[in-house]
Every structure is written in C-alpha cells, then in structure tokens.
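K.L.:
The structure file structure24.cif (mmCIF, C-alpha atoms) is provided below.
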data_query
loop_
_atom_site.label_atom_id
_atom_site.label_comp_id
_atom_site.auth_asym_id
_atom_site.auth_seq_id
_atom_site.Cartn_x
_atom_site.Cartn_y
_atom_site.Cartn_z
CA MET X 1 -10.12 -7.52 -45.28
CA ASP X 2 -13.58 -7.39 -43.78
CA LYS X 3 -15.11 -3.94 -43.66
CA GLN X 4 -16.93 -2.47 -40.67
CA TYR X 5 -19.29 0.45 -41.26
CA TYR X 6 -18.79 3.01 -38.52
CA SER X 7 -21.83 5.26 -38.24
CA TYR X 8 -22.29 8.69 -36.76
CA GLU X 9 -24.05 7.11 -33.77
CA ASP X 10 -21.06 4.80 -33.22
CA PHE X 11 -18.75 7.82 -33.44
CA LEU X 12 -20.82 9.86 -31.00
CA ALA X 13 -20.86 7.04 -28.44
CA ASP X 14 -17.11 6.54 -28.82
CA ALA X 15 -16.32 10.26 -28.66
CA LYS X 16 -18.17 10.36 -25.33
CA ALA X 17 -16.48 7.17 -24.13
CA LEU X 18 -13.11 8.65 -25.08
CA ALA X 19 -13.86 11.83 -23.15
CA GLN X 20 -14.77 9.72 -20.10
CA LYS X 21 -11.46 7.88 -20.33
CA ILE X 22 -9.19 10.90 -20.69
CA ASP X 23 -8.07 11.53 -17.12
CA TRP X 24 -5.88 14.49 -17.94
CA GLN X 25 -6.33 18.22 -18.20
CA PHE X 26 -5.28 19.84 -21.44
CA ASP X 27 -5.67 23.31 -22.86
CA CYS X 28 -5.45 22.65 -26.59
CA ILE X 29 -6.45 20.02 -29.14
CA ILE X 30 -4.57 19.27 -32.35
CA ALA X 31 -6.32 17.19 -35.00
CA ILE X 32 -4.26 15.12 -37.37
CA ALA X 33 -5.99 16.01 -40.66
CA ARG X 34 -8.09 14.77 -42.24
CA GLY X 35 -8.98 11.82 -40.01
CA GLY X 36 -9.04 13.64 -36.68
CA LEU X 37 -10.91 16.80 -37.74
CA SER X 38 -14.46 15.90 -36.70
CA LEU X 39 -13.32 14.30 -33.45
CA ALA X 40 -11.33 17.43 -32.61
CA GLN X 41 -14.39 19.59 -33.19
CA PHE X 42 -16.57 17.39 -30.98
CA LEU X 43 -14.00 17.24 -28.17
CA GLY X 44 -13.43 20.97 -28.42
CA GLU X 45 -17.16 21.47 -27.93
CA TYR X 46 -17.28 18.95 -25.08
CA TYR X 47 -14.41 20.53 -23.17
CA ASP X 48 -15.27 24.05 -24.27
CA ILE X 49 -11.76 24.51 -25.65
CA ARG X 50 -11.54 27.00 -28.48
CA GLU X 51 -7.87 26.24 -29.14
CA VAL X 52 -8.53 23.51 -31.68
CA TYR X 53 -5.81 23.35 -34.31
CA SER X 54 -4.80 20.90 -37.00
CA ILE X 55 -1.61 19.44 -38.39
CA ASN X 56 -1.01 17.73 -41.72
CA THR X 57 0.98 14.69 -42.72
CA ILE X 58 1.90 13.01 -45.97
CA GLY X 59 2.85 9.37 -45.91
CA TYR X 60 5.12 8.11 -48.64
CA GLU X 61 4.31 4.51 -49.33
CA GLU X 62 6.95 1.97 -50.16
CA SER X 63 5.84 -1.53 -51.09
CA SER X 64 2.43 -1.01 -49.44
CA LYS X 65 3.88 -0.01 -46.06
CA LEU X 66 4.33 3.56 -44.94
CA ALA X 67 8.00 4.20 -45.34
CA SER X 68 8.18 7.77 -44.15
CA VAL X 69 5.89 10.52 -42.96
CA THR X 70 6.30 14.24 -43.53
CA VAL X 71 4.60 16.60 -41.09
CA PHE X 72 3.59 20.14 -42.06
CA ASN X 73 1.37 23.01 -40.99
CA VAL X 74 2.64 22.77 -37.43
CA PRO X 75 0.40 25.11 -35.42
CA GLN X 76 1.75 28.03 -33.44
CA LEU X 77 1.59 27.24 -29.74
CA ARG X 78 2.15 30.08 -27.31
CA SER X 79 0.58 29.81 -23.88
CA GLU X 80 -0.42 26.16 -24.28
CA LYS X 81 1.09 23.74 -21.76
CA SER X 82 -0.76 20.46 -22.36
CA VAL X 83 -1.93 19.43 -25.79
CA LEU X 84 -4.13 16.50 -26.82
CA ILE X 85 -3.39 15.16 -30.31
CA VAL X 86 -6.36 13.35 -31.84
CA ASP X 87 -6.84 11.07 -34.81
CA ASP X 88 -9.51 8.67 -35.96
CA ILE X 89 -7.26 5.59 -35.95
CA VAL X 90 -3.74 4.71 -34.94
CA ASP X 91 -2.82 2.07 -37.48
CA SER X 92 0.89 1.44 -37.96
CA GLY X 93 1.59 4.29 -35.57
CA ASP X 94 3.99 5.90 -38.07
CA THR X 95 1.92 9.05 -38.43
CA VAL X 96 1.36 9.75 -34.75
CA ALA X 97 4.99 8.88 -33.97
CA GLU X 98 6.27 11.45 -36.44
CA VAL X 99 3.72 14.07 -35.31
CA LEU X 100 4.89 13.57 -31.71
CA ASN X 101 8.50 13.75 -32.83
CA VAL X 102 8.05 17.03 -34.73
CA LEU X 103 5.87 18.68 -32.07
CA GLY X 104 8.19 17.54 -29.28
CA LYS X 105 11.22 19.03 -31.03
CA THR X 106 9.40 22.27 -31.87
CA TYR X 107 7.89 22.69 -28.41
CA PRO X 108 10.12 20.91 -25.87
CA ASP X 109 8.33 22.51 -22.90
CA ILE X 110 4.83 21.38 -23.86
CA THR X 111 3.38 18.00 -22.89
CA PHE X 112 1.70 16.11 -25.74
CA LYS X 113 -0.61 13.14 -25.30
CA THR X 114 -2.61 11.22 -27.87
CA ALA X 115 -6.17 9.96 -28.22
CA SER X 116 -7.91 8.07 -31.01
CA LEU X 117 -11.17 6.27 -31.61
CA PHE X 118 -9.45 3.14 -32.91
CA TYR X 119 -6.05 1.57 -32.43
CA LYS X 120 -4.42 -1.44 -33.94
CA LYS X 121 -2.41 -3.97 -32.00
CA GLY X 122 1.17 -3.79 -33.11
CA ALA X 123 1.15 -0.04 -33.72
CA LYS X 124 4.61 1.32 -33.02
CA ILE X 125 3.08 3.84 -30.60
CA ALA X 126 -0.13 3.12 -28.72
CA PRO X 127 -2.34 6.18 -28.12
CA ASP X 128 -2.62 7.27 -24.49
CA TRP X 129 -6.38 6.82 -24.76
CA SER X 130 -8.53 5.04 -27.30
CA VAL X 131 -11.84 3.23 -27.46
CA GLN X 132 -11.88 0.31 -29.87
CA GLU X 133 -9.39 -2.11 -31.31
CA ALA X 134 -9.70 -2.13 -35.10
CA GLN X 135 -9.93 -5.70 -36.32
CA LYS X 136 -11.50 -4.89 -39.68
CA TRP X 137 -11.20 -2.12 -42.21
CA ILE X 138 -13.13 0.77 -40.67
CA ALA X 139 -15.48 2.44 -43.15
CA PHE X 140 -15.99 5.79 -41.44
CA PHE X 141 -19.29 7.61 -41.90
CA TRP X 142 -17.54 10.72 -43.21
CA THR X 143 -16.38 8.63 -46.15
CA GLU X 144 -19.34 6.33 -46.63
CA ASP X 145 -22.24 8.70 -46.00
CA MET X 146 -21.05 11.27 -48.54
CA LYS X 147 -21.14 8.53 -51.21
CA ARG X 148 -24.76 7.58 -50.56
CA LYS X 149 -27.28 9.14 -52.93
CA ILE X 150 -29.27 11.99 -51.48
CA MET F 1 -33.98 33.92 -30.12
CA ASP F 2 -35.65 30.71 -31.23
CA LYS F 3 -33.34 27.74 -31.41
CA GLN F 4 -33.19 25.25 -34.26
CA TYR F 5 -31.63 21.84 -33.60
CA TYR F 6 -29.45 20.90 -36.55
CA SER F 7 -28.90 17.15 -36.62
CA TYR F 8 -26.25 15.03 -38.27
CA GLU F 9 -28.79 14.01 -40.92
CA ASP F 10 -29.52 17.68 -41.64
CA PHE F 11 -25.80 18.33 -41.92
CA LEU F 12 -25.22 15.39 -44.24
CA ALA F 13 -28.02 16.48 -46.57
CA ASP F 14 -26.71 20.05 -46.60
CA ALA F 15 -23.09 19.01 -47.11
CA LYS F 16 -24.23 17.08 -50.20
CA ALA F 17 -26.41 19.98 -51.36
CA LEU F 18 -23.46 22.33 -50.91
CA ALA F 19 -21.22 20.04 -52.96
CA GLN F 20 -23.86 20.01 -55.73
CA LYS F 21 -23.93 23.80 -55.75
CA ILE F 22 -20.18 24.42 -55.89
CA ASP F 23 -19.54 24.85 -59.61
CA TRP F 24 -15.83 25.47 -59.24
CA GLN F 25 -12.73 23.35 -59.19
CA PHE F 26 -10.44 23.76 -56.22
CA ASP F 27 -7.39 21.91 -55.02
CA CYS F 28 -7.43 22.68 -51.31
CA ILE F 29 -9.91 23.20 -48.48
CA ILE F 30 -9.33 25.43 -45.46
CA ALA F 31 -11.66 25.04 -42.50
CA ILE F 32 -12.28 27.99 -40.24
CA ALA F 33 -11.91 26.30 -36.84
CA ARG F 34 -13.77 25.12 -34.97
CA GLY F 35 -17.05 25.52 -36.84
CA GLY F 36 -15.84 24.40 -40.25
CA LEU F 37 -13.79 21.35 -39.21
CA SER F 38 -16.33 18.57 -39.76
CA LEU F 39 -17.60 20.10 -43.00
CA ALA F 40 -14.03 20.33 -44.29
CA GLN F 41 -13.44 16.67 -43.51
CA PHE F 42 -16.65 15.62 -45.29
CA LEU F 43 -15.93 17.75 -48.36
CA GLY F 44 -12.34 16.53 -48.43
CA GLU F 45 -13.68 12.98 -48.54
CA TYR F 46 -16.27 13.85 -51.16
CA TYR F 47 -13.80 15.51 -53.51
CA ASP F 48 -10.95 13.19 -52.57
CA ILE F 49 -8.80 16.17 -51.63
CA ARG F 50 -6.17 15.40 -49.04
CA GLU F 51 -5.08 19.05 -48.76
CA VAL F 52 -7.49 19.92 -45.96
CA TYR F 53 -6.08 22.58 -43.67
CA SER F 54 -7.46 24.80 -40.95
CA ILE F 55 -7.13 28.38 -39.83
CA ASN F 56 -7.97 29.94 -36.48
CA THR F 57 -9.64 33.17 -35.52
CA ILE F 58 -10.32 35.00 -32.29
CA GLY F 59 -13.12 37.50 -32.21
CA TYR F 60 -12.95 40.28 -29.70
CA GLU F 61 -16.45 41.21 -28.71
CA GLU F 62 -17.50 44.73 -28.00
CA SER F 63 -21.00 45.35 -26.71
CA SER F 64 -22.18 41.97 -28.08
CA LYS F 65 -20.98 42.63 -31.62
CA LEU F 66 -17.71 41.35 -32.98
CA ALA F 67 -15.48 44.37 -33.05
CA SER F 68 -12.35 42.83 -34.46
CA VAL F 69 -11.06 39.45 -35.56
CA THR F 70 -7.53 38.12 -35.29
CA VAL F 71 -6.50 35.37 -37.68
CA PHE F 72 -3.72 32.90 -36.86
CA ASN F 73 -2.33 29.53 -37.86
CA VAL F 74 -2.37 30.52 -41.51
CA PRO F 75 -1.57 27.30 -43.41
CA GLN F 76 1.40 27.00 -45.74
CA LEU F 77 0.20 26.96 -49.33
CA ARG F 78 2.66 25.95 -52.01
CA SER F 79 1.32 24.45 -55.20
CA GLU F 80 -2.32 25.30 -54.42
CA LYS F 81 -4.05 27.59 -56.92
CA SER F 82 -7.72 27.51 -55.89
CA VAL F 83 -8.76 27.22 -52.28
CA LEU F 84 -12.22 26.73 -50.79
CA ILE F 85 -12.67 28.24 -47.33
CA VAL F 86 -15.43 26.57 -45.34
CA ASP F 87 -17.32 27.41 -42.19
CA ASP F 88 -20.53 26.25 -40.56
CA ILE F 89 -22.20 29.66 -40.62
CA VAL F 90 -21.50 33.12 -41.97
CA ASP F 91 -23.11 35.32 -39.36
CA SER F 92 -21.94 38.95 -39.29
CA GLY F 93 -19.35 38.06 -41.94
CA ASP F 94 -16.55 39.61 -39.86
CA THR F 95 -14.69 36.32 -39.49
CA VAL F 96 -14.76 35.25 -43.12
CA ALA F 97 -13.96 38.81 -44.25
CA GLU F 98 -10.82 38.91 -42.12
CA VAL F 99 -9.80 35.37 -43.13
CA LEU F 100 -10.13 36.38 -46.80
CA ASN F 101 -8.18 39.55 -46.12
CA VAL F 102 -5.28 37.76 -44.41
CA LEU F 103 -5.13 34.89 -46.91
CA GLY F 104 -5.39 37.27 -49.86
CA LYS F 105 -2.49 39.36 -48.59
CA THR F 106 -0.36 36.32 -47.77
CA TYR F 107 -1.09 34.56 -51.07
CA PRO F 108 -1.93 37.16 -53.70
CA ASP F 109 -1.68 34.62 -56.54
CA ILE F 110 -4.17 32.14 -55.12
CA THR F 111 -7.93 32.37 -55.67
CA PHE F 112 -10.03 31.96 -52.53
CA LYS F 113 -13.75 31.29 -52.48
CA THR F 114 -16.06 30.58 -49.56
CA ALA F 115 -18.77 28.07 -48.71
CA SER F 116 -20.89 27.60 -45.62
CA LEU F 117 -23.91 25.61 -44.52
CA PHE F 118 -25.73 28.68 -43.20
CA TYR F 119 -25.64 32.36 -43.99
CA LYS F 120 -27.37 35.32 -42.46
CA LYS F 121 -28.90 38.11 -44.45
CA GLY F 122 -26.96 41.25 -43.79
CA ALA F 123 -23.60 39.55 -43.42
CA LYS F 124 -20.91 41.94 -44.63
CA ILE F 125 -19.66 39.24 -47.01
CA ALA F 126 -21.98 36.61 -48.45
CA PRO F 127 -20.38 33.20 -48.99
CA ASP F 128 -19.96 32.18 -52.63
CA TRP F 129 -22.04 29.09 -51.89
CA SER F 130 -24.29 28.21 -48.99
CA VAL F 131 -27.39 26.14 -48.34
CA GLN F 132 -29.69 27.64 -45.74
CA GLU F 133 -30.50 31.05 -44.43
CA ALA F 134 -30.24 31.06 -40.63
CA GLN F 135 -33.36 32.60 -39.15
CA LYS F 136 -32.97 31.09 -35.70
CA TRP F 137 -30.09 30.25 -33.42
CA ILE F 138 -28.60 27.09 -34.92
CA ALA F 139 -27.91 24.41 -32.31
CA PHE F 140 -25.40 22.29 -34.19
CA PHE F 141 -25.23 18.54 -33.47
CA TRP F 142 -21.53 18.73 -32.59
CA THR F 143 -22.51 20.94 -29.65
CA GLU F 144 -25.85 19.44 -28.69
CA ASP F 145 -25.15 15.73 -29.13
CA MET F 146 -22.06 15.75 -26.92
CA LYS F 147 -24.19 17.14 -24.08
CA ARG F 148 -26.75 14.32 -24.24
CA LYS F 149 -26.25 11.54 -21.71
CA ILE F 150 -24.80 8.36 -23.14
#
Would you encode the structure as structure tokens?
P.N.:
Amino acid sequence: MDKQYYSYEDFLADAKALAQKIDWQFDCIIAIARGGLSLAQFLGEYYDIREVYSINTIGYEESSKLASVTVFNVPQLRSEKSVLIVDDIVDSGDTVAEVLNVLGKTYPDITFKTASLFYKKGAKIAPDWSVQEAQKWIAFFWTEDMKRKI
Amino acid sequence: MDKQYYSYEDFLADAKALAQKIDWQFDCIIAIARGGLSLAQFLGEYYDIREVYSINTIGYEESSKLASVTVFNVPQLRSEKSVLIVDDIVDSGDTVAEVLNVLGKTYPDITFKTASLFYKKGAKIAPDWSVQEAQKWIAFFWTEDMKRKI
C-alpha cells in the first residue's frame, strides 16, 4: 500500500480543524493509547480540560484481521457527564467499537462520542467527527520522526 | 518570568537526546498526564513498547506553591517489572514524588524510574534522566501552537 507521511504541521492543522468541527460540549477526553495520546494532549490544551485520561487496548490478530479487542485500564469517571474519546485513526473500527462497548457498560449514565484525525470507509463504526479519509498507509510523525537521525 | 517557546523541533531533538541518555531497560511507560502524554507516545514508538499508560494528578495550590498532590487513575500493572515514568517538566518535584510514592506502594516489586525533558534545580526529586534545565517559563508547542490562527 502507498504510504503517506503525516507531519507535525499536518497534525496541527488537522487537530485545529477537528476542534472546529466538534459541535459538542464535553468535560473529559479519553485517549486510546498509544495512537490518541498526542491528540488528547493538544485537545486538552485547546479546550483547557485537565481531565485527560487514557485507555488501552490489545488487538488479537487472526489471519491478518483483528479478531478481537481487549480493553483495559478503564479510567475512573466520577463527575464527568460527556466524554470525548480520541484516536489517531479509525481503521476497521474494531478498537473504537469495543472501547465504546466497555465504557458504555461501565458508565451507562455518561455520554461518549468519538473523534479521530483519520477514518477509513467501511469502518464498522464511523467516528462522530474526523478530518481526513485515509486512502494510504499513514506514516505518522511520531513514528517516522523518531527514526530519523539526529 | 521570561518565557521560552519550545517548538516541536526542540521537542523532537530532546526526545531523541533523552532516549540516548536512558541507559536502562524498561518494559512499560507511564505518562503523567497531561504534560507527559506526547513524550510517552514518542518514546513508546522509539522503543517499540506498546505498554504505554497514563496516570493523573491534581495539585492543590496553597499560596502559589503546590501544597499537596492527589494521584488517580493508577494503571494496572501485571507482568511489568521496570517502568519509566515520563513528564514534560519536573518543577517543584511534588508531582513526581507523589506519583512515585503511590506507584511504589501499589507495586512494591516493580522498579520505577523517571525521565523528563526539563528539570528545575531545587526540585525535591531530580528525574533519573532529563535533557534541559528550565531557567525560564517553558511555553510548550502543544499549548502555544493550538492558539495560533490556522
């Protein structure tokens, strides 16, 4: 598959575009780690929300497709009412679907919505807000830039 | 206090310098949120460690000094033996001291060490590894760049 380098400047523009699109008030951000960590930090800064948490997933692959996803490190939510879940890319949608499933069961009175930089057509769950359709393999700067020689 | 803009390029160089300095093998990274989130993602990519978790703190200020720190969202650690705790800056040291205290009590058999981009002289706990001494107010790119107009 073709590879598309996604630079910090691309990310910054898209993080701002995403913030412009999100027409919803929320009081907490949960990053799906690792992919959503930087985006969560930037959006937390933008919205001045200190309640920025993370959640972890492990995908068990079966014949090159994600067969099942295990969710762990579910954050403690107390006074939160509206939570934005963020990730870098919604690909098959398996991860975000299972995160929504686990959070929804754990916290039935909290509203969860999802935002990502990229989405893929055909994902089982489309994010509520996203910026770009991924048509190539996205080579994110947090992966690529750390490999470059100093 | 004088302000020093800290750009993405500065961060990238320092994240690489930090990785060069860390002469220790670890199997897990815990970011102190929000400040350590991006750094944790970058180091997770660099070391190819998927076990990247986060922890939250609230500092209660008393006459402009942190008087006490509450730690929450302590991640579940199971098979981890050596954990690197990361933050953007170790200022007074109150936050990292309390994070170390809580994690050490919760997981007495796990070794925790700390790394940050910046440290301040006089912090009550110096990070095991860090890159720059902060002599001005650091205006991090994740705060500053989101404020710039698109």
K.L.:
Residues of chain F no more than 10 Å from chain X, counting all atoms listed in the file: send them over as a VMD selection string.
P.N.:
chain F and resid 8 to 9 12 to 17 19 31 to 58 72 to 77 141 to 150
K.L.:
Would you put the residues from that selection into a file with C-alpha atoms, as an mmCIF file, keeping the file's coordinate frame?
P.N.:
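File produced: again03.cif:
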data_model
loop_
_atom_site.group_PDB
_atom_site.id
_atom_site.type_symbol
_atom_site.label_atom_id
_atom_site.label_comp_id
_atom_site.auth_asym_id
_atom_site.auth_seq_id
_atom_site.Cartn_x
_atom_site.Cartn_y
_atom_site.Cartn_z
ATOM 1 C CA TYR F 8 -26.250 15.030 -38.270
ATOM 2 C CA GLU F 9 -28.790 14.010 -40.920
ATOM 3 C CA LEU F 12 -25.220 15.390 -44.240
ATOM 4 C CA ALA F 13 -28.020 16.480 -46.570
ATOM 5 C CA ASP F 14 -26.710 20.050 -46.600
ATOM 6 C CA ALA F 15 -23.090 19.010 -47.110
ATOM 7 C CA LYS F 16 -24.230 17.080 -50.200
ATOM 8 C CA ALA F 17 -26.410 19.980 -51.360
ATOM 9 C CA ALA F 19 -21.220 20.040 -52.960
ATOM 10 C CA ALA F 31 -11.660 25.040 -42.500
ATOM 11 C CA ILE F 32 -12.280 27.990 -40.240
ATOM 12 C CA ALA F 33 -11.910 26.300 -36.840
ATOM 13 C CA ARG F 34 -13.770 25.120 -34.970
ATOM 14 C CA GLY F 35 -17.050 25.520 -36.840
ATOM 15 C CA GLY F 36 -15.840 24.400 -40.250
ATOM 16 C CA LEU F 37 -13.790 21.350 -39.210
ATOM 17 C CA SER F 38 -16.330 18.570 -39.760
ATOM 18 C CA LEU F 39 -17.600 20.100 -43.000
ATOM 19 C CA ALA F 40 -14.030 20.330 -44.290
ATOM 20 C CA GLN F 41 -13.440 16.670 -43.510
ATOM 21 C CA PHE F 42 -16.650 15.620 -45.290
ATOM 22 C CA LEU F 43 -15.930 17.750 -48.360
ATOM 23 C CA GLY F 44 -12.340 16.530 -48.430
ATOM 24 C CA GLU F 45 -13.680 12.980 -48.540
ATOM 25 C CA TYR F 46 -16.270 13.850 -51.160
ATOM 26 C CA TYR F 47 -13.800 15.510 -53.510
ATOM 27 C CA ASP F 48 -10.950 13.190 -52.570
ATOM 28 C CA ILE F 49 -8.800 16.170 -51.630
ATOM 29 C CA ARG F 50 -6.170 15.400 -49.040
ATOM 30 C CA GLU F 51 -5.080 19.050 -48.760
ATOM 31 C CA VAL F 52 -7.490 19.920 -45.960
ATOM 32 C CA TYR F 53 -6.080 22.580 -43.670
ATOM 33 C CA SER F 54 -7.460 24.800 -40.950
ATOM 34 C CA ILE F 55 -7.130 28.380 -39.830
ATOM 35 C CA ASN F 56 -7.970 29.940 -36.480
ATOM 36 C CA THR F 57 -9.640 33.170 -35.520
ATOM 37 C CA ILE F 58 -10.320 35.000 -32.290
ATOM 38 C CA PHE F 72 -3.720 32.900 -36.860
ATOM 39 C CA ASN F 73 -2.330 29.530 -37.860
ATOM 40 C CA VAL F 74 -2.370 30.520 -41.510
ATOM 41 C CA PRO F 75 -1.570 27.300 -43.410
ATOM 42 C CA GLN F 76 1.400 27.000 -45.740
ATOM 43 C CA LEU F 77 0.200 26.960 -49.330
ATOM 44 C CA PHE F 141 -25.230 18.540 -33.470
ATOM 45 C CA TRP F 142 -21.530 18.730 -32.590
ATOM 46 C CA THR F 143 -22.510 20.940 -29.650
ATOM 47 C CA GLU F 144 -25.850 19.440 -28.690
ATOM 48 C CA ASP F 145 -25.150 15.730 -29.130
ATOM 49 C CA MET F 146 -22.060 15.750 -26.920
ATOM 50 C CA LYS F 147 -24.190 17.140 -24.080
ATOM 51 C CA ARG F 148 -26.750 14.320 -24.240
ATOM 52 C CA LYS F 149 -26.250 11.540 -21.710
ATOM 53 C CA ILE F 150 -24.800 8.360 -23.140
#
K.L.:
Expressed in Å to a single decimal, how great is the separation between atom CA of X:Asp27 and atom CA of F:Val86?
P.N.:
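Those two atoms sit 24.7 Å apart.
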K.L.:
Env of F:Leu84: 9 Å cut, atoms = all atoms listed in the file, seq-sep filter 3 positions within chain, self excluded. Answer as a list in words.
P.N.:
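Result of the neighbour search: Phe26, Asp27, Cys28, Ile29, Ile30, Ala31, Thr111, Phe112, Lys113, Thr114 and Ala115 of chain F.
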K.L.:
As an exercise, work out the distance from atom CA of X:Asp109 to atom CA of X:Lys124 in Å and give it to one decimal place.
P.N.:
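About the pair atom CA of X:Asp109 and atom CA of X:Lys124: they are 23.8 Å apart.
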K.L.:
What does the distance between atom CA of F:Lys121 and atom CA of F:Glu133 come to in Å, to one decimal place?
P.N.:
7.2 Å
K.L.:
Could you write out as number ranges by chain the residues that the PyMOL selection byres ((chain X and resi 139) around 7) matches in the shown file?
P.N.:
X: 3-6, 137-138, 140-141, 143-144
K.L.:
Keeping only C-alpha atoms, write those residues as a PDB file, in the frame of the given file.
P.N.:
ATOM      1  CA  LYS X   3     -15.110  -3.940 -43.660  1.00  0.00           C
ATOM      2  CA  GLN X   4     -16.930  -2.470 -40.670  1.00  0.00           C
ATOM      3  CA  TYR X   5     -19.290   0.450 -41.260  1.00  0.00           C
ATOM      4  CA  TYR X   6     -18.790   3.010 -38.520  1.00  0.00           C
ATOM      5  CA  TRP X 137     -11.200  -2.120 -42.210  1.00  0.00           C
ATOM      6  CA  ILE X 138     -13.130   0.770 -40.670  1.00  0.00           C
ATOM      7  CA  PHE X 140     -15.990   5.790 -41.440  1.00  0.00           C
ATOM      8  CA  PHE X 141     -19.290   7.610 -41.900  1.00  0.00           C
ATOM      9  CA  THR X 143     -16.380   8.630 -46.150  1.00  0.00           C
ATOM     10  CA  GLU X 144     -19.340   6.330 -46.630  1.00  0.00           C
TER      11      GLU X 144
END
K.L.:
Going by the chain IDs and residue numbers used in this file, which residues fall under the PyMOL selection byres ((chain X and resi 97) around 12)? Write them as a VMD selection string.
P.N.:
chain X and resid 32 57 68 to 71 85 90 to 96 98 to 104 112 to 114 123 to 127
